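Text of coords-v4.csv (CSV, C-alpha atoms) as supplied:
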```csv
chain,number,residue,atom,x,y,z
A,1,ASP,CA,34.3,-22.3,-7.3
A,2,PHE,CA,35.3,-19.0,-5.7
A,3,THR,CA,38.5,-19.8,-4.0
A,4,THR,CA,41.5,-18.1,-2.4
A,5,ASN,CA,45.0,-18.6,-3.7
A,6,PRO,CA,46.3,-21.8,-2.1
A,7,ASN,CA,49.9,-21.0,-2.9
A,8,PRO,CA,52.2,-18.8,-0.8
A,9,ALA,CA,52.4,-15.3,-2.1
A,10,ASN,CA,55.5,-14.5,-4.2
A,11,PRO,CA,57.6,-11.5,-3.3
A,12,PRO,CA,56.2,-8.3,-4.7
A,13,THR,CA,57.2,-7.5,-8.3
A,14,GLY,CA,57.9,-4.2,-10.0
A,15,THR,CA,58.8,-0.9,-8.5
A,16,PRO,CA,57.0,0.5,-5.4
A,17,TYR,CA,53.7,2.0,-6.3
A,18,THR,CA,53.0,5.7,-6.1
A,19,PRO,CA,49.5,6.9,-7.2
A,20,ASP,CA,49.1,9.7,-9.6
A,21,LEU,CA,47.4,12.9,-8.4
A,22,PRO,CA,44.7,14.0,-8.6
A,23,ASN,CA,42.8,10.7,-8.3
A,24,ILE,CA,39.9,9.0,-6.5
A,25,THR,CA,39.8,5.8,-4.6
A,26,GLN,CA,37.7,3.9,-2.1
A,27,SER,CA,40.6,2.2,-0.4
A,28,THR,CA,41.9,3.3,2.9
A,29,ASP,CA,45.3,2.0,1.8
A,30,PRO,CA,45.5,2.3,-2.0
A,31,THR,CA,49.2,1.3,-2.2
A,32,THR,CA,49.4,-2.2,-0.6
A,33,VAL,CA,48.4,-5.5,-2.0
A,34,GLU,CA,48.0,-8.5,0.4
A,35,ALA,CA,47.6,-12.2,-0.2
A,36,GLY,CA,44.2,-13.8,0.4
A,37,THR,CA,41.9,-12.6,-2.4
A,38,VAL,CA,39.4,-14.7,-4.4
A,39,SER,CA,38.5,-15.6,-8.0
A,40,CYS,CA,36.3,-18.1,-9.8
A,41,ASN,CA,38.5,-21.0,-11.1
A,42,ASP,CA,38.8,-24.8,-11.2
A,43,GLY,CA,42.2,-24.8,-9.3
A,44,THR,CA,44.3,-24.7,-12.5
A,45,ALA,CA,42.7,-22.0,-14.7
A,46,LEU,CA,40.4,-19.1,-14.6
A,47,ALA,CA,36.7,-19.0,-15.4
A,48,ASP,CA,35.2,-15.7,-16.5
A,49,ASN,CA,35.8,-13.1,-13.7
A,50,HIS,CA,34.7,-9.5,-13.3
A,51,PHE,CA,36.2,-7.5,-10.4
A,52,LEU,CA,34.4,-4.2,-10.0
A,53,ARG,CA,34.1,-1.0,-8.1
A,54,ARG,CA,31.3,1.6,-8.3
A,55,PHE,CA,32.3,5.2,-7.7
A,56,PHE,CA,29.6,7.7,-6.6
A,57,LEU,CA,31.4,10.7,-8.1
A,58,ASN,CA,29.1,13.4,-6.9
A,59,ALA,CA,28.0,12.0,-3.5
A,60,ASP,CA,31.3,10.6,-2.3
A,61,HIS,CA,33.9,12.7,-4.1
A,62,GLY,CA,32.2,16.1,-4.6
A,63,ILE,CA,32.7,16.0,-8.4
A,64,LEU,CA,30.2,18.4,-9.9
A,65,VAL,CA,31.2,18.7,-13.6
A,66,GLN,CA,32.3,16.3,-16.3
A,67,TYR,CA,34.9,13.8,-15.1
A,68,ASN,CA,37.5,12.5,-17.6
A,69,VAL,CA,39.2,9.2,-16.7
A,70,THR,CA,42.8,8.8,-18.0
A,71,SER,CA,43.9,5.6,-16.4
A,72,VAL,CA,43.1,3.0,-13.7
A,73,ASP,CA,45.5,1.5,-11.2
A,74,PHE,CA,44.4,-2.0,-10.2
A,75,GLY,CA,46.0,-4.5,-7.8
A,76,LEU,CA,47.0,-8.0,-8.7
A,77,GLU,CA,47.8,-10.6,-6.1
A,78,SER,CA,49.2,-13.1,-8.5
A,79,VAL,CA,49.4,-14.2,-12.2
A,80,ALA,CA,50.7,-17.6,-13.1
A,81,GLY,CA,50.7,-18.8,-16.7
A,82,THR,CA,50.9,-17.6,-20.3
A,83,ASN,CA,48.8,-15.2,-22.3
A,84,ALA,CA,47.3,-13.6,-19.2
A,85,VAL,CA,45.0,-11.1,-21.0
A,86,VAL,CA,43.2,-8.7,-18.7
A,87,ASN,CA,40.5,-6.2,-19.9
A,88,MET,CA,39.9,-2.9,-18.1
A,89,ASP,CA,36.4,-1.6,-18.8
A,90,LEU,CA,34.7,1.7,-17.8
A,91,TYR,CA,31.0,2.1,-17.5
A,92,THR,CA,28.4,4.6,-16.4
A,93,ILE,CA,25.3,3.6,-14.5
A,94,ALA,CA,22.5,5.9,-13.3
A,95,ASN,CA,22.4,7.0,-9.7
A,96,GLY,CA,20.2,4.7,-7.7
A,97,ALA,CA,20.0,2.0,-10.5
A,98,ALA,CA,20.4,-1.6,-9.6
A,99,PHE,CA,24.0,-2.8,-10.0
A,100,THR,CA,23.5,-5.1,-13.0
A,101,PHE,CA,25.3,-5.3,-16.3
A,102,ALA,CA,22.0,-4.5,-18.1
A,103,ASN,CA,22.0,-1.1,-16.5
A,104,MET,CA,25.6,-0.3,-17.4
A,105,THR,CA,26.8,1.6,-20.5
A,106,GLN,CA,30.4,1.1,-21.6
A,107,ILE,CA,32.4,4.4,-22.1
A,108,GLY,CA,36.0,3.0,-22.4
A,109,THR,CA,38.0,-0.2,-22.7
A,110,THR,CA,41.5,-1.5,-23.0
A,111,SER,CA,43.3,-4.8,-22.7
A,112,ARG,CA,46.9,-6.0,-22.0
A,113,VAL,CA,48.9,-9.1,-21.2
A,114,ILE,CA,50.1,-9.4,-17.6
A,115,ALA,CA,53.5,-11.0,-17.2
A,116,ASP,CA,53.7,-14.5,-15.8
A,117,GLY,CA,54.9,-14.3,-12.1
A,118,THR,CA,53.4,-10.9,-11.4
A,119,ALA,CA,52.7,-10.8,-7.6
A,120,LEU,CA,51.4,-8.4,-5.0
A,121,ALA,CA,51.6,-5.6,-7.6
A,122,ILE,CA,49.6,-2.6,-8.8
A,123,GLU,CA,49.3,-2.3,-12.5
A,124,ASN,CA,48.4,0.8,-14.5
A,125,PHE,CA,45.9,0.5,-17.3
A,126,VAL,CA,45.7,3.4,-19.7
A,127,VAL,CA,42.0,3.7,-20.5
A,128,ALA,CA,39.9,6.8,-21.2
A,129,GLY,CA,36.2,7.6,-20.7
A,130,SER,CA,34.1,10.6,-19.6
A,131,ILE,CA,31.2,10.8,-17.2
A,132,VAL,CA,29.3,13.9,-18.5
A,133,GLU,CA,26.8,14.3,-15.6
A,134,PRO,CA,28.3,13.1,-12.3
A,135,ALA,CA,25.1,14.2,-10.5
A,136,ALA,CA,23.1,11.7,-12.6
A,137,ASP,CA,25.6,8.9,-13.3
A,138,ASP,CA,28.1,6.8,-11.4
A,139,LEU,CA,31.4,5.4,-12.7
A,140,VAL,CA,32.0,1.7,-12.8
A,141,VAL,CA,35.5,0.2,-13.1
A,142,ASP,CA,35.6,-3.5,-14.2
A,143,MET,CA,38.7,-5.6,-14.4
A,144,PHE,CA,37.5,-8.5,-16.6
A,145,ARG,CA,39.4,-11.7,-17.0
A,146,PRO,CA,38.0,-13.9,-19.8
A,147,ASP,CA,37.6,-17.6,-19.4
A,148,SER,CA,41.1,-19.0,-19.8
A,149,ASP,CA,42.8,-22.4,-19.8
A,150,THR,CA,46.3,-21.0,-19.9
A,151,TRP,CA,46.7,-19.1,-16.7
A,152,LEU,CA,45.4,-18.7,-13.1
A,153,GLY,CA,45.2,-15.3,-11.3
A,154,TYR,CA,43.8,-13.4,-8.4
A,155,PRO,CA,43.0,-9.7,-8.0
A,156,GLY,CA,44.9,-7.5,-5.6
A,157,ALA,CA,43.2,-6.5,-2.3
A,158,ASN,CA,43.8,-5.8,1.3
A,159,ALA,CA,41.9,-5.7,4.6
A,160,SER,CA,42.7,-2.0,5.5
A,161,GLY,CA,39.2,-0.8,4.9
A,162,VAL,CA,37.1,0.9,2.3
A,163,THR,CA,34.4,3.6,1.9
A,164,GLN,CA,32.4,1.4,-0.5
A,165,PRO,CA,32.3,-2.4,-1.1
A,166,SER,CA,34.1,-4.3,-3.8
A,167,TYR,CA,32.1,-6.5,-6.2
A,168,LEU,CA,32.7,-9.5,-8.4
A,169,ALA,CA,30.7,-11.5,-11.0
A,170,SER,CA,31.2,-14.8,-12.8
A,171,VAL,CA,28.7,-16.8,-14.9
A,172,ALA,CA,30.7,-19.9,-14.3
A,173,CYS,CA,30.2,-19.5,-10.5
A,174,SER,CA,26.5,-18.8,-10.9
A,175,LEU,CA,26.9,-15.0,-10.2
A,176,PRO,CA,25.9,-13.3,-13.5
A,177,ASP,CA,25.7,-9.8,-12.0
A,178,PRO,CA,27.9,-8.0,-9.5
A,179,ALA,CA,27.7,-9.0,-5.9
A,180,THR,CA,29.8,-7.9,-2.9
A,181,PHE,CA,32.7,-10.1,-1.7
A,182,GLY,CA,31.0,-10.2,1.7
A,183,SER,CA,27.9,-11.8,0.2
A,184,ILE,CA,29.9,-14.9,-0.9
A,185,GLY,CA,31.8,-15.2,2.4
A,186,PHE,CA,34.8,-12.9,2.0
A,187,PRO,CA,33.8,-9.7,3.9
A,188,THR,CA,37.4,-8.3,4.5
A,189,THR,CA,38.4,-8.5,0.8
A,190,ALA,CA,38.7,-4.9,-0.5
A,191,LEU,CA,40.0,-4.5,-4.1
A,192,VAL,CA,42.8,-2.0,-4.5
A,193,VAL,CA,41.7,0.4,-7.2
A,194,THR,CA,42.6,4.0,-8.0
A,195,VAL,CA,41.1,6.0,-10.8
A,196,ASN,CA,43.2,8.8,-12.3
A,197,GLY,CA,41.4,11.6,-14.0
A,198,ASP,CA,40.4,15.3,-14.0
A,199,GLU,CA,37.3,17.4,-13.8
A,200,GLN,CA,36.5,19.2,-17.0
A,201,VAL,CA,37.8,22.8,-16.9
A,202,VAL,CA,34.9,25.3,-17.0
A,203,PRO,CA,36.1,28.3,-19.0
A,204,THR,CA,35.9,31.7,-17.4
A,205,PRO,CA,33.3,33.9,-19.2
A,206,THR,CA,35.0,36.6,-21.3
A,207,PRO,CA,33.9,40.1,-20.3
A,208,PRO,CA,32.4,42.2,-23.1
A,209,PRO,CA,34.9,44.6,-24.9
A,210,ALA,CA,35.1,48.1,-23.6
A,211,THR,CA,33.4,50.8,-25.7
A,212,SER,CA,35.7,53.1,-27.6
A,213,LEU,CA,33.4,56.2,-27.2
A,214,ASN,CA,34.3,58.8,-24.7
A,215,PRO,CA,31.7,59.3,-22.0
A,216,VAL,CA,29.7,62.6,-22.1
A,217,PRO,CA,30.8,64.8,-19.3
A,218,ALA,CA,28.2,65.8,-16.8
A,219,LEU,CA,27.5,69.5,-16.0
A,220,GLY,CA,27.9,70.7,-12.5
A,221,SER,CA,25.9,73.6,-11.0
A,222,TYR,CA,28.4,76.2,-12.1
A,223,GLY,CA,28.3,74.8,-15.6
A,224,ILE,CA,24.5,75.1,-15.7
A,225,ILE,CA,24.7,78.7,-14.6
A,226,ALA,CA,27.3,79.5,-17.2
A,227,MET,CA,25.2,77.9,-19.9
A,228,VAL,CA,22.1,79.9,-18.9
A,229,LEU,CA,24.1,83.2,-18.9
A,230,LEU,CA,25.5,82.3,-22.3
A,231,ILE,CA,22.0,81.7,-23.8
A,232,VAL,CA,20.7,84.9,-22.3
A,233,GLY,CA,23.7,86.9,-23.6
A,234,VAL,CA,23.2,85.6,-27.1
A,235,ALA,CA,19.5,86.4,-27.0
A,236,VAL,CA,20.2,90.0,-25.8
A,237,LEU,CA,22.8,90.5,-28.5
A,238,LEU,CA,20.4,89.3,-31.2
A,239,MET,CA,17.7,91.7,-30.1
A,240,TRP,CA,20.1,94.6,-29.9
A,241,ARG,CA,21.4,93.9,-33.4
A,242,ARG,CA,17.8,93.7,-34.7
A,243,ASN,CA,16.9,97.1,-33.2
```

What is this file in structure tokens?
Amino acid sequence: DFTTNPNPANPPTGTPYTPDLPNITQSTDPTTVEAGTVSCNDGTALADNHFLRRFFLNADHGILVQYNVTSVDFGLESVAGTNAVVNMDLYTIANGAAFTFANMTQIGTTSRVIADGTALAIENFVVAGSIVEPAADDLVVDMFRPDSDTWLGYPGANASGVTQPSYLASVACSLPDPATFGSIGFPTTALVVTVNGDEQVVPTPTPPPATSLNPVPALGSYGIIAMVLLIVGVAVLLMWRRN
């Protein structure tokens, strides 16, 4: 079932979180993780869980050129148990396409083990991927927790507000494609996610090299008169010499 954490939240672990800049987020408060999120589990161990956000790079963030992701900061409410492997996957999906796994193309992935006892923390996942055409494709960030019998965990979220909804999916909980937290009865759950990256630098066109030839000077009115007098003088001299 999709359940909230029944245990009291442990004190926060790790150092206070400061997001890197520049970055993009849909969280009104991207630095605070609160208790009360949800995951698909049997009470003692996790089933398969996808926790997702879909970023509309062009429409919401004004990104016009290729966007290169360098890392993702993702909140964790709690991790209890051993071998807590978490995958961080990046996908593209066409603007306007239905939010299904079949419509998503993976562009980056990484995995790491989260320490037992991690609580109310934001973890950085170094993962790279590029969205070449933000006007045509959205970015999807997916924190995936494989089916596990060794640990139980919950994603990090807060109720401070968002600009776009958070999503989750789990085959074990009869939700094979992403659905909003609100659609399963948790409307105030907003995953804390920040994407760190940069827009591709567009090189400045190089001006053509300057010509090495000196420009031909233009003749003014006095120059033209002098040229005419010179020609007439030469003609008169030639006629006089002939005679």

Can you tell me, as a count of residues only, what residues are no more than 6 Å from segment 27-43 of chain A when counting all atoms listed in the file, ignoring any on the same chain fewer than 6 positions away? 13

So how many Å separate atom CA of Asp147 of chain A and atom CA of Ala159 of chain A, to one decimal?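 Interatomic distance, atom CA of Asp147 of chain A to atom CA of Ala159 of chain A: 27.1 Å.
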
Nearest candidate to Asn68 of chain A (options A:Val193, A:Ile131, A:Val141, A:Ala47; using only C-alpha atoms): A:Ile131

Counting all atoms listed in the file, figure out which residue out of A:Val127, A:Ala136, A:Ile24, A:Val69 gets nearest to Ala97 of chain A. A:Ala136

Quick one: residues within 8 Å of Phe144 of chain A, all atoms listed in the file, excluding same-chain residues fewer than 2 positions away - as a VMD selection string? chain A and resid 48 to 51 86 to 89 142 146

Restricting the output to C-alpha atoms, write the selected residues as a PDB file, in the coordinates of the input.
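Produced file selection_15.pdb, reproduced below:
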```pdb
ATOM      1  CA  ASP A  48      35.200 -15.700 -16.500  1.00  0.00           C
ATOM      2  CA  ASN A  49      35.800 -13.100 -13.700  1.00  0.00           C
ATOM      3  CA  HIS A  50      34.700  -9.500 -13.300  1.00  0.00           C
ATOM      4  CA  PHE A  51      36.200  -7.500 -10.400  1.00  0.00           C
ATOM      5  CA  VAL A  86      43.200  -8.700 -18.700  1.00  0.00           C
ATOM      6  CA  ASN A  87      40.500  -6.200 -19.900  1.00  0.00           C
ATOM      7  CA  MET A  88      39.900  -2.900 -18.100  1.00  0.00           C
ATOM      8  CA  ASP A  89      36.400  -1.600 -18.800  1.00  0.00           C
ATOM      9  CA  ASP A 142      35.600  -3.500 -14.200  1.00  0.00           C
ATOM     10  CA  PRO A 146      38.000 -13.900 -19.800  1.00  0.00           C
TER      11      PRO A 146
END
```

For Phe99 of chain A, which of A:Ile184, A:Val201, A:Met227, A:Leu139 is the closest residue, counting all atoms listed in the file?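 Looking at the shortest contact to Phe99 of chain A, the residue is A:Leu139.
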
Pick the closest to Asp198 of chain A from A:Ala169, A:Leu64, A:Met143, A:Ala45: which is it, counting only C-alpha atoms?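 Selected residue with least distance to Asp198 of chain A: A:Leu64.
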
Starting from the incomplete input, reconstruct all heavy atoms of segment 116-127 of chain A and write that as a compact mmCIF listing (two decimals), keeping the file's coordinate frame.
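Output file part_34.txt is given in full below:
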```
# COMPACT_ATOMS: atom_id res chain seq x y z
N ASP A 116 53.73 -13.34 -16.64
CA ASP A 116 53.70 -14.50 -15.80
C ASP A 116 54.63 -14.22 -14.54
O ASP A 116 55.74 -13.70 -14.68
CB ASP A 116 54.28 -15.71 -16.54
CG ASP A 116 54.32 -16.99 -15.70
OD1 ASP A 116 53.64 -17.04 -14.66
OD2 ASP A 116 55.05 -17.92 -16.10
N GLY A 117 54.13 -14.52 -13.36
CA GLY A 117 54.90 -14.30 -12.10
C GLY A 117 54.61 -12.98 -11.45
O GLY A 117 55.16 -12.71 -10.37
N THR A 118 53.75 -12.13 -12.04
CA THR A 118 53.40 -10.90 -11.40
C THR A 118 52.76 -11.19 -10.02
O THR A 118 51.88 -12.06 -9.92
CB THR A 118 52.40 -10.08 -12.25
OG1 THR A 118 53.04 -9.72 -13.47
CG2 THR A 118 51.93 -8.83 -11.53
N ALA A 119 53.20 -10.50 -8.99
CA ALA A 119 52.70 -10.80 -7.60
C ALA A 119 52.67 -9.55 -6.78
O ALA A 119 53.57 -8.71 -6.84
CB ALA A 119 53.61 -11.86 -6.99
N LEU A 120 51.60 -9.44 -5.99
CA LEU A 120 51.40 -8.40 -5.00
C LEU A 120 51.80 -7.01 -5.63
O LEU A 120 52.54 -6.21 -5.04
CB LEU A 120 52.28 -8.64 -3.77
CG LEU A 120 52.02 -9.99 -3.06
CD1 LEU A 120 52.93 -10.13 -1.85
CD2 LEU A 120 50.56 -10.12 -2.65
N ALA A 121 51.28 -6.76 -6.82
CA ALA A 121 51.60 -5.60 -7.60
C ALA A 121 50.39 -4.75 -7.91
O ALA A 121 49.26 -5.24 -7.83
CB ALA A 121 52.33 -5.97 -8.89
N ILE A 122 50.63 -3.50 -8.27
CA ILE A 122 49.60 -2.60 -8.80
C ILE A 122 49.96 -2.23 -10.19
O ILE A 122 51.02 -1.68 -10.43
CB ILE A 122 49.40 -1.38 -7.90
CG1 ILE A 122 48.93 -1.81 -6.50
CG2 ILE A 122 48.40 -0.41 -8.51
CD1 ILE A 122 48.82 -0.67 -5.51
N GLU A 123 49.07 -2.54 -11.13
CA GLU A 123 49.30 -2.30 -12.50
C GLU A 123 48.49 -1.12 -13.03
O GLU A 123 47.34 -0.96 -12.63
CB GLU A 123 48.98 -3.54 -13.37
CG GLU A 123 49.81 -4.77 -13.04
CD GLU A 123 51.23 -4.67 -13.58
OE1 GLU A 123 51.41 -4.02 -14.63
OE2 GLU A 123 52.15 -5.25 -12.97
N ASN A 124 49.10 -0.30 -13.90
CA ASN A 124 48.40 0.80 -14.50
C ASN A 124 47.84 0.47 -15.85
O ASN A 124 48.56 -0.04 -16.70
CB ASN A 124 49.33 2.04 -14.60
CG ASN A 124 48.65 3.24 -15.22
OD1 ASN A 124 48.80 3.50 -16.41
ND2 ASN A 124 47.91 3.98 -14.42
N PHE A 125 46.56 0.72 -16.04
CA PHE A 125 45.90 0.50 -17.30
C PHE A 125 45.48 1.84 -17.89
O PHE A 125 44.68 2.55 -17.28
CB PHE A 125 44.64 -0.39 -17.12
CG PHE A 125 44.93 -1.78 -16.66
CD1 PHE A 125 45.19 -2.05 -15.31
CD2 PHE A 125 44.95 -2.84 -17.55
CE1 PHE A 125 45.45 -3.34 -14.87
CE2 PHE A 125 45.22 -4.14 -17.12
CZ PHE A 125 45.47 -4.39 -15.78
N VAL A 126 46.04 2.18 -19.04
CA VAL A 126 45.70 3.40 -19.70
C VAL A 126 44.36 3.25 -20.42
O VAL A 126 44.28 2.53 -21.42
CB VAL A 126 46.78 3.90 -20.67
CG1 VAL A 126 46.37 5.19 -21.36
CG2 VAL A 126 48.09 4.09 -19.92
N VAL A 127 43.32 3.87 -19.90
CA VAL A 127 42.00 3.70 -20.50
C VAL A 127 41.25 5.06 -20.26
O VAL A 127 41.38 5.68 -19.20
CB VAL A 127 41.21 2.57 -19.84
CG1 VAL A 127 41.09 2.74 -18.32
CG2 VAL A 127 39.85 2.38 -20.48
```
